[in-house]
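J.: Following this message is one structure expressed as structure tokens.
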Amino acid sequence: MNRQTPSPVAIVTGASRGIGAEIARRLAADGYAVAVNYASSASEADLVVAQIVADGGRAVAVKADVASAGDVRRLFEETEASLGRVDVLVNNAGILKTAPLAEHDDELFERTFAINTRGTFNTLREAAARMNDGSRIVNFSSTALALKLPGYAIYNASKAAVEAFTAVFAKELRGRNIRVNAVAPGPVATELFLDGKSEEQIRQFARMPPLERLGEPHDIAAVVAFLAGTQSGWINGQVLRANGGLA
Ligand code: NAP
């Protein structure tokens, strides 16, 4: 990127680990200045920033709990102050804890919706006021919605809401040339997916897609880079299921 042109700016929520960290590195490699958001993993977020800077990119780590509207406002403010107005928002932060609906406790229900659903709502609302015309938003759903596996009712519900936001918000931004899409990954080898599963369960999931493997964070980062980039200019209000053909 030439020195006269300021870098476009991206916020990636939940970018200290897993898919989000890979998205941050990929967008930085594509020329974005990246705000690496995290909630608690400060040293991991700092490491992602250090990797990006070592590779010649620009990044800052910003602590903010996406479930808090105040934190999200500050996330945008700090990003604008250090990198500039935001061109790409990636709503990647999320949690997955499975339990049969009848055994789901209130605290886990609230936490799942607070982070996955309200977190996305908080950033979308802030984005509407602050993002440049012509910008792009990529939300995170899950292929779990299509699989309808027992234990996933609350998680799937939190992500179904994100799909609903995506379709309607894309229309509400009419006239500003802002595209809003979602990616719905199948199983990806990160802590969120691997935690609490036996080797056999992991092998079973890996055998499910016709491509016969788990997704890797770079598979999803490539889809996000596509949705954030100019090649996807006519894709708006859609959910892209990136899952090796699983569903
Ligand atoms: P992960 O490895 O567990 O990483 C989650 C990231 O989200 C971490 O950086 C974490 O940061 C951050 N985070 C959690 N709560 C947060 C909060 N309240 N505010 C800000 N950041 C928060 O998860 P992942 O597998 O990369 O998942 C990323 C997204 O993909 C999620 O939305 C998930 O639902 C979706 N997804 C994943 C899979 C899969 O198989 N992995 C499949 C489908 C969809 P801290 O550690 O700092 O909290």
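Labeling convention for the structure tokens: chains A, B, ... as they appear, residues from 1 per chain, ligands from 1 in order of appearance.
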Using only C-alpha atoms and all ligand atoms, which residues of the polymer chains come no farther than 7 Å from ligand 1? I'd like the answer as JSON, numbers by chain.
T.: {"A": [13, 14, 15, 16, 17, 18, 19, 20, 21, 37, 38, 39, 40, 41, 42, 64, 65, 66, 67, 92, 93, 94, 95, 96, 115, 116, 140, 141, 142, 143, 144, 184, 185, 186, 187, 188, 189, 190, 191, 192, 193]}
J.: Can those selected residues be exported to a file as a PDB file, in the first residue's frame so that it contains C-alpha atoms?
T.:
ATOM      1  CA  THR A  13     -14.060  -8.733  17.811  1.00  0.00           C
ATOM      2  CA  GLY A  14     -12.719 -11.703  19.765  1.00  0.00           C
ATOM      3  CA  ALA A  15      -9.408 -11.598  17.912  1.00  0.00           C
ATOM      4  CA  SER A  16      -7.092 -12.765  20.696  1.00  0.00           C
ATOM      5  CA  ARG A  17      -7.474 -16.454  19.797  1.00  0.00           C
ATOM      6  CA  GLY A  18      -8.943 -18.934  17.351  1.00  0.00           C
ATOM      7  CA  ILE A  19     -10.704 -17.799  14.198  1.00  0.00           C
ATOM      8  CA  GLY A  20     -10.631 -14.102  15.166  1.00  0.00           C
ATOM      9  CA  ALA A  21      -6.841 -14.044  15.577  1.00  0.00           C
ATOM     10  CA  ASN A  37     -10.484  -6.829  20.298  1.00  0.00           C
ATOM     11  CA  TYR A  38     -10.472  -9.170  23.286  1.00  0.00           C
ATOM     12  CA  ALA A  39     -12.307  -9.526  26.586  1.00  0.00           C
ATOM     13  CA  SER A  40      -9.778 -11.174  28.888  1.00  0.00           C
ATOM     14  CA  SER A  41      -6.873 -12.721  26.937  1.00  0.00           C
ATOM     15  CA  ALA A  42      -4.619  -9.638  26.960  1.00  0.00           C
ATOM     16  CA  ALA A  64     -13.811  -4.505  25.406  1.00  0.00           C
ATOM     17  CA  ASP A  65     -16.564  -6.890  26.424  1.00  0.00           C
ATOM     18  CA  VAL A  66     -18.904  -6.940  23.423  1.00  0.00           C
ATOM     19  CA  ALA A  67     -21.810  -7.669  25.770  1.00  0.00           C
ATOM     20  CA  ASN A  92     -16.458 -12.821  15.487  1.00  0.00           C
ATOM     21  CA  ALA A  93     -16.569 -12.856  19.334  1.00  0.00           C
ATOM     22  CA  GLY A  94     -18.686 -15.721  20.576  1.00  0.00           C
ATOM     23  CA  ILE A  95     -19.025 -18.557  23.049  1.00  0.00           C
ATOM     24  CA  LEU A  96     -20.350 -22.111  22.734  1.00  0.00           C
ATOM     25  CA  ILE A 115     -22.108 -12.290  24.008  1.00  0.00           C
ATOM     26  CA  ASN A 116     -23.366 -13.924  20.799  1.00  0.00           C
ATOM     27  CA  PHE A 140     -20.792 -14.819  12.744  1.00  0.00           C
ATOM     28  CA  SER A 141     -23.452 -17.507  12.699  1.00  0.00           C
ATOM     29  CA  SER A 142     -22.761 -21.261  12.713  1.00  0.00           C
ATOM     30  CA  THR A 143     -23.484 -24.333  10.613  1.00  0.00           C
ATOM     31  CA  ALA A 144     -24.695 -25.834  13.926  1.00  0.00           C
ATOM     32  CA  ALA A 184     -21.625 -19.744   9.245  1.00  0.00           C
ATOM     33  CA  PRO A 185     -18.634 -22.026   9.812  1.00  0.00           C
ATOM     34  CA  GLY A 186     -18.837 -25.762  10.327  1.00  0.00           C
ATOM     35  CA  PRO A 187     -16.621 -27.269  13.043  1.00  0.00           C
ATOM     36  CA  VAL A 188     -13.267 -25.462  13.183  1.00  0.00           C
ATOM     37  CA  ALA A 189     -10.326 -26.694  15.231  1.00  0.00           C
ATOM     38  CA  THR A 190     -10.270 -24.020  17.953  1.00  0.00           C
ATOM     39  CA  GLU A 191     -10.688 -24.064  21.732  1.00  0.00           C
ATOM     40  CA  LEU A 192     -14.389 -23.239  21.335  1.00  0.00           C
ATOM     41  CA  PHE A 193     -14.998 -26.456  19.375  1.00  0.00           C
TER      42      PHE A 193
END
J.: Would you please give, as a ChimeraX atom specification, all residues of segment 120-212 of chain A that DSSP assigns to strand (DSSP E) based on the backbone?
T.: /A:136-140,179-185
J.: I need the residues from that last selection saved to file as a tab-separated table (two decimals), in the first residue's frame (with N, CA, C and O atoms), if you can.
T.:
chain	number	residue	atom	x	y	z
A	136	ARG	N	-18.03	-2.55	5.12
A	136	ARG	CA	-18.54	-3.93	5.11
A	136	ARG	C	-18.60	-4.48	6.54
A	136	ARG	O	-17.70	-4.20	7.36
A	137	ILE	N	-19.65	-5.28	6.79
A	137	ILE	CA	-19.81	-5.92	8.10
A	137	ILE	C	-19.93	-7.42	7.87
A	137	ILE	O	-20.67	-7.86	6.98
A	138	VAL	N	-19.19	-8.19	8.66
A	138	VAL	CA	-19.29	-9.65	8.58
A	138	VAL	C	-19.66	-10.17	9.97
A	138	VAL	O	-18.90	-10.02	10.93
A	139	ASN	N	-20.86	-10.75	10.06
A	139	ASN	CA	-21.32	-11.33	11.32
A	139	ASN	C	-20.96	-12.82	11.37
A	139	ASN	O	-20.64	-13.43	10.36
A	140	PHE	N	-21.09	-13.39	12.59
A	140	PHE	CA	-20.79	-14.82	12.74
A	140	PHE	C	-21.99	-15.61	13.21
A	140	PHE	O	-22.48	-15.46	14.33
A	179	ARG	N	-22.35	-3.13	3.03
A	179	ARG	CA	-22.82	-4.52	2.89
A	179	ARG	C	-22.72	-5.24	4.23
A	179	ARG	O	-21.75	-5.05	4.97
A	180	VAL	N	-23.75	-6.04	4.51
A	180	VAL	CA	-23.79	-6.80	5.77
A	180	VAL	C	-24.03	-8.27	5.42
A	180	VAL	O	-25.07	-8.62	4.85
A	181	ASN	N	-23.08	-9.11	5.74
A	181	ASN	CA	-23.21	-10.55	5.48
A	181	ASN	C	-22.79	-11.32	6.73
A	181	ASN	O	-22.28	-10.74	7.70
A	182	ALA	N	-23.04	-12.62	6.69
A	182	ALA	CA	-22.60	-13.47	7.80
A	182	ALA	C	-21.90	-14.69	7.24
A	182	ALA	O	-22.21	-15.15	6.13
A	183	VAL	N	-20.97	-15.21	8.03
A	183	VAL	CA	-20.36	-16.49	7.71
A	183	VAL	C	-20.84	-17.48	8.77
A	183	VAL	O	-20.98	-17.13	9.94
A	184	ALA	N	-21.14	-18.71	8.33
A	184	ALA	CA	-21.62	-19.74	9.25
A	184	ALA	C	-20.69	-20.95	9.14
A	184	ALA	O	-20.94	-21.87	8.35
A	185	PRO	N	-19.61	-20.94	9.93
A	185	PRO	CA	-18.63	-22.03	9.81
A	185	PRO	C	-19.20	-23.36	10.30
A	185	PRO	O	-20.05	-23.40	11.20
J.: One number please: atom CA of Asp55 of chain A to atom CA of Leu89 of chain A, in Å, one decimal.
T.: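 Calculated distance between atom CA of Asp55 of chain A and atom CA of Leu89 of chain A is 21.9 Å.
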J.: For Ala160 of chain A, which residue among A:Val72, A:Leu101, A:Val239, A:Leu124 is the nearest when counting only C-alpha atoms?
T.: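 Selected residue with least distance to Ala160 of chain A: A:Val239.
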J.: Find the residues around Gly56 of chain A up to 12 Å (only C-alpha atoms counted), leave out those fewer than 2 positions away in its own chain, and share them as a compact mmCIF listing (two decimals) with all heavy atoms, in the first residue's frame.
T.:
# COMPACT_ATOMS: atom_id res chain seq x y z
N MET A 1 0.86 -1.20 0.00
CA MET A 1 0.00 0.00 0.00
C MET A 1 0.89 1.25 0.00
O MET A 1 1.86 1.30 0.76
CB MET A 1 -0.87 -0.03 1.26
CG MET A 1 -1.91 1.03 1.24
SD MET A 1 -3.40 0.52 2.09
CE MET A 1 -3.88 -0.93 1.20
N ARG A 25 -4.93 -11.38 11.46
CA ARG A 25 -3.67 -11.52 10.70
C ARG A 25 -3.93 -11.44 9.20
O ARG A 25 -3.17 -10.81 8.46
CB ARG A 25 -2.97 -12.83 11.07
CG ARG A 25 -2.32 -12.81 12.46
CD ARG A 25 -1.50 -14.06 12.71
NE ARG A 25 -2.34 -15.23 12.92
CZ ARG A 25 -2.63 -15.74 14.12
NH1 ARG A 25 -2.13 -15.20 15.21
NH2 ARG A 25 -3.40 -16.81 14.21
N ALA A 28 -4.83 -7.87 8.13
CA ALA A 28 -3.61 -7.04 8.18
C ALA A 28 -2.75 -7.32 6.96
O ALA A 28 -2.21 -6.40 6.34
CB ALA A 28 -2.84 -7.31 9.47
N ALA A 29 -2.64 -8.60 6.59
CA ALA A 29 -1.84 -8.96 5.40
C ALA A 29 -2.48 -8.38 4.14
O ALA A 29 -1.79 -8.08 3.17
CB ALA A 29 -1.73 -10.49 5.29
N ASP A 30 -3.80 -8.21 4.17
CA ASP A 30 -4.51 -7.62 3.02
C ASP A 30 -4.45 -6.09 3.02
O ASP A 30 -5.08 -5.45 2.17
CB ASP A 30 -5.99 -8.06 3.02
CG ASP A 30 -6.16 -9.53 2.63
OD1 ASP A 30 -5.16 -10.17 2.26
OD2 ASP A 30 -7.30 -10.04 2.71
N GLY A 31 -3.78 -5.50 4.02
CA GLY A 31 -3.55 -4.05 4.01
C GLY A 31 -4.40 -3.25 4.99
O GLY A 31 -4.35 -2.02 4.98
N TYR A 32 -5.19 -3.91 5.81
CA TYR A 32 -6.00 -3.20 6.81
C TYR A 32 -5.17 -2.89 8.05
O TYR A 32 -4.33 -3.70 8.46
CB TYR A 32 -7.20 -4.04 7.24
CG TYR A 32 -8.24 -4.25 6.17
CD1 TYR A 32 -8.13 -5.29 5.26
CD2 TYR A 32 -9.34 -3.39 6.08
CE1 TYR A 32 -9.08 -5.48 4.27
CE2 TYR A 32 -10.30 -3.58 5.09
CZ TYR A 32 -10.17 -4.62 4.19
OH TYR A 32 -11.11 -4.81 3.22
N ALA A 33 -5.46 -1.75 8.67
CA ALA A 33 -5.02 -1.50 10.05
C ALA A 33 -6.09 -2.12 10.94
O ALA A 33 -7.28 -1.85 10.76
CB ALA A 33 -4.91 0.00 10.29
N VAL A 49 -1.09 -8.72 17.87
CA VAL A 49 -0.64 -7.39 17.42
C VAL A 49 0.85 -7.43 17.07
O VAL A 49 1.26 -6.93 16.01
CB VAL A 49 -0.91 -6.33 18.51
CG1 VAL A 49 -0.21 -5.01 18.18
CG2 VAL A 49 -2.41 -6.11 18.67
N ALA A 50 1.65 -8.07 17.92
CA ALA A 50 3.10 -8.12 17.68
C ALA A 50 3.41 -8.87 16.37
O ALA A 50 4.29 -8.45 15.61
CB ALA A 50 3.80 -8.81 18.86
N GLN A 51 2.65 -9.94 16.10
CA GLN A 51 2.87 -10.69 14.85
C GLN A 51 2.56 -9.82 13.64
O GLN A 51 3.29 -9.81 12.65
CB GLN A 51 1.97 -11.94 14.82
CG GLN A 51 2.41 -13.02 15.78
CD GLN A 51 1.31 -14.08 15.99
OE1 GLN A 51 0.13 -13.84 15.76
NE2 GLN A 51 1.74 -15.26 16.42
N ILE A 52 1.46 -9.07 13.74
CA ILE A 52 1.05 -8.21 12.62
C ILE A 52 2.10 -7.12 12.38
O ILE A 52 2.52 -6.86 11.25
CB ILE A 52 -0.34 -7.59 12.90
CG1 ILE A 52 -1.41 -8.69 12.79
CG2 ILE A 52 -0.64 -6.43 11.94
CD1 ILE A 52 -2.81 -8.25 13.24
N VAL A 53 2.55 -6.50 13.48
CA VAL A 53 3.55 -5.43 13.36
C VAL A 53 4.87 -5.99 12.81
O VAL A 53 5.50 -5.38 11.94
CB VAL A 53 3.74 -4.72 14.73
CG1 VAL A 53 4.92 -3.76 14.71
CG2 VAL A 53 2.44 -3.98 15.12
N ALA A 54 5.25 -7.18 13.30
CA ALA A 54 6.50 -7.80 12.81
C ALA A 54 6.43 -8.06 11.31
O ALA A 54 7.45 -8.02 10.61
CB ALA A 54 6.77 -9.10 13.56
N ARG A 58 -0.24 -2.80 10.65
CA ARG A 58 -0.62 -1.92 11.76
C ARG A 58 -1.73 -2.58 12.54
O ARG A 58 -2.72 -3.06 11.95
CB ARG A 58 -1.15 -0.59 11.24
CG ARG A 58 -0.09 0.43 10.93
CD ARG A 58 -0.74 1.67 10.36
NE ARG A 58 -1.28 2.55 11.40
CZ ARG A 58 -2.22 3.46 11.19
NH1 ARG A 58 -2.76 3.60 10.00
NH2 ARG A 58 -2.62 4.24 12.18
N ALA A 59 -1.63 -2.57 13.86
CA ALA A 59 -2.68 -3.15 14.70
C ALA A 59 -2.58 -2.60 16.11
O ALA A 59 -1.50 -2.19 16.55
CB ALA A 59 -2.55 -4.67 14.73
J.: Could you give me the residues within segment 95-161 of chain A that DSSP places in helix (DSSP H, G or I), as a PyMOL selection string?
T.: chain A and resi 101-103+106-130+144-147+153-161
J.: Those same residues - C-alpha atoms - I'd like them written as a PDB file, in the first residue's frame.
T.:
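Result file follows (selection-v6.pdb):
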ATOM      1  CA  LEU A 101     -32.391 -27.207  26.842  1.00  0.00           C
ATOM      2  CA  ALA A 102     -34.054 -28.694  29.930  1.00  0.00           C
ATOM      3  CA  GLU A 103     -30.729 -28.620  31.790  1.00  0.00           C
ATOM      4  CA  ASP A 106     -30.194 -19.204  33.585  1.00  0.00           C
ATOM      5  CA  GLU A 107     -26.629 -17.928  33.875  1.00  0.00           C
ATOM      6  CA  LEU A 108     -25.447 -19.800  30.756  1.00  0.00           C
ATOM      7  CA  PHE A 109     -28.545 -18.758  28.810  1.00  0.00           C
ATOM      8  CA  GLU A 110     -27.904 -15.096  29.692  1.00  0.00           C
ATOM      9  CA  ARG A 111     -24.176 -15.321  28.915  1.00  0.00           C
ATOM     10  CA  THR A 112     -24.713 -16.983  25.530  1.00  0.00           C
ATOM     11  CA  PHE A 113     -27.230 -14.366  24.441  1.00  0.00           C
ATOM     12  CA  ALA A 114     -25.232 -11.515  26.037  1.00  0.00           C
ATOM     13  CA  ILE A 115     -22.108 -12.290  24.008  1.00  0.00           C
ATOM     14  CA  ASN A 116     -23.366 -13.924  20.799  1.00  0.00           C
ATOM     15  CA  THR A 117     -26.542 -11.913  20.269  1.00  0.00           C
ATOM     16  CA  ARG A 118     -26.415  -8.693  22.293  1.00  0.00           C
ATOM     17  CA  GLY A 119     -22.698  -8.422  21.487  1.00  0.00           C
ATOM     18  CA  THR A 120     -23.529  -8.388  17.782  1.00  0.00           C
ATOM     19  CA  PHE A 121     -26.438  -5.981  18.352  1.00  0.00           C
ATOM     20  CA  ASN A 122     -24.151  -3.617  20.307  1.00  0.00           C
ATOM     21  CA  THR A 123     -21.521  -3.447  17.571  1.00  0.00           C
ATOM     22  CA  LEU A 124     -24.072  -3.163  14.733  1.00  0.00           C
ATOM     23  CA  ARG A 125     -25.834  -0.255  16.443  1.00  0.00           C
ATOM     24  CA  GLU A 126     -22.549   1.524  17.028  1.00  0.00           C
ATOM     25  CA  ALA A 127     -21.433   0.738  13.466  1.00  0.00           C
ATOM     26  CA  ALA A 128     -24.508   2.394  11.963  1.00  0.00           C
ATOM     27  CA  ALA A 129     -23.529   5.706  13.525  1.00  0.00           C
ATOM     28  CA  ARG A 130     -19.800   5.485  12.989  1.00  0.00           C
ATOM     29  CA  ALA A 144     -24.695 -25.834  13.926  1.00  0.00           C
ATOM     30  CA  LEU A 145     -27.988 -24.079  13.090  1.00  0.00           C
ATOM     31  CA  ALA A 146     -28.452 -26.336  10.062  1.00  0.00           C
ATOM     32  CA  LEU A 147     -27.318 -29.511  11.891  1.00  0.00           C
ATOM     33  CA  ALA A 153     -30.776 -25.196  21.208  1.00  0.00           C
ATOM     34  CA  ILE A 154     -29.609 -22.098  23.073  1.00  0.00           C
ATOM     35  CA  TYR A 155     -26.429 -21.564  21.047  1.00  0.00           C
ATOM     36  CA  ASN A 156     -28.348 -22.044  17.787  1.00  0.00           C
ATOM     37  CA  ALA A 157     -31.036 -19.612  18.946  1.00  0.00           C
ATOM     38  CA  SER A 158     -28.363 -16.998  19.734  1.00  0.00           C
ATOM     39  CA  LYS A 159     -26.953 -17.417  16.224  1.00  0.00           C
ATOM     40  CA  ALA A 160     -30.368 -17.537  14.493  1.00  0.00           C
ATOM     41  CA  ALA A 161     -30.875 -14.028  15.865  1.00  0.00           C
TER      42      ALA A 161
END
J.: Which is closest to Glu78 of chain A among A:Glu163, A:Lys148, A:Val34, A:Asn132, if we use only C-alpha atoms?
T.: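 Using only C-alpha atoms, Glu78 of chain A sits closest to A:Val34.
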J.: Could you work out how far atom CA of Val36 of chain A lies from atom CA of Val62 of chain A, giving the answer in Å with one decimal?
T.: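 Answer for the atom CA of Val62 of chain A to atom CA of Val36 of chain A separation: 6.0 Å.
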J.: Please list as a count of residues only every residue within 10 Å of Met208 of chain A, counting only C-alpha atoms and excluding residues in the same chain fewer than 6 positions away.
T.: 8
J.: Closest to Val9 of chain A among A:Leu211, A:Met131, A:Ala167, A:Leu194, using only C-alpha atoms?
T.: A:Met131
J.: Under the rule that only C-alpha atoms are counted, which of A:Ser68, A:Leu27, A:Ala10, A:Leu149 is the nearest residue to Glu80 of chain A?
T.: A:Ala10
J.: Between atom CA of Ser82 of chain A and atom CA of Val60 of chain A, measure the distance and give it in Å to one decimal.
T.: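 Calculated distance between atom CA of Ser82 of chain A and atom CA of Val60 of chain A is 7.8 Å.
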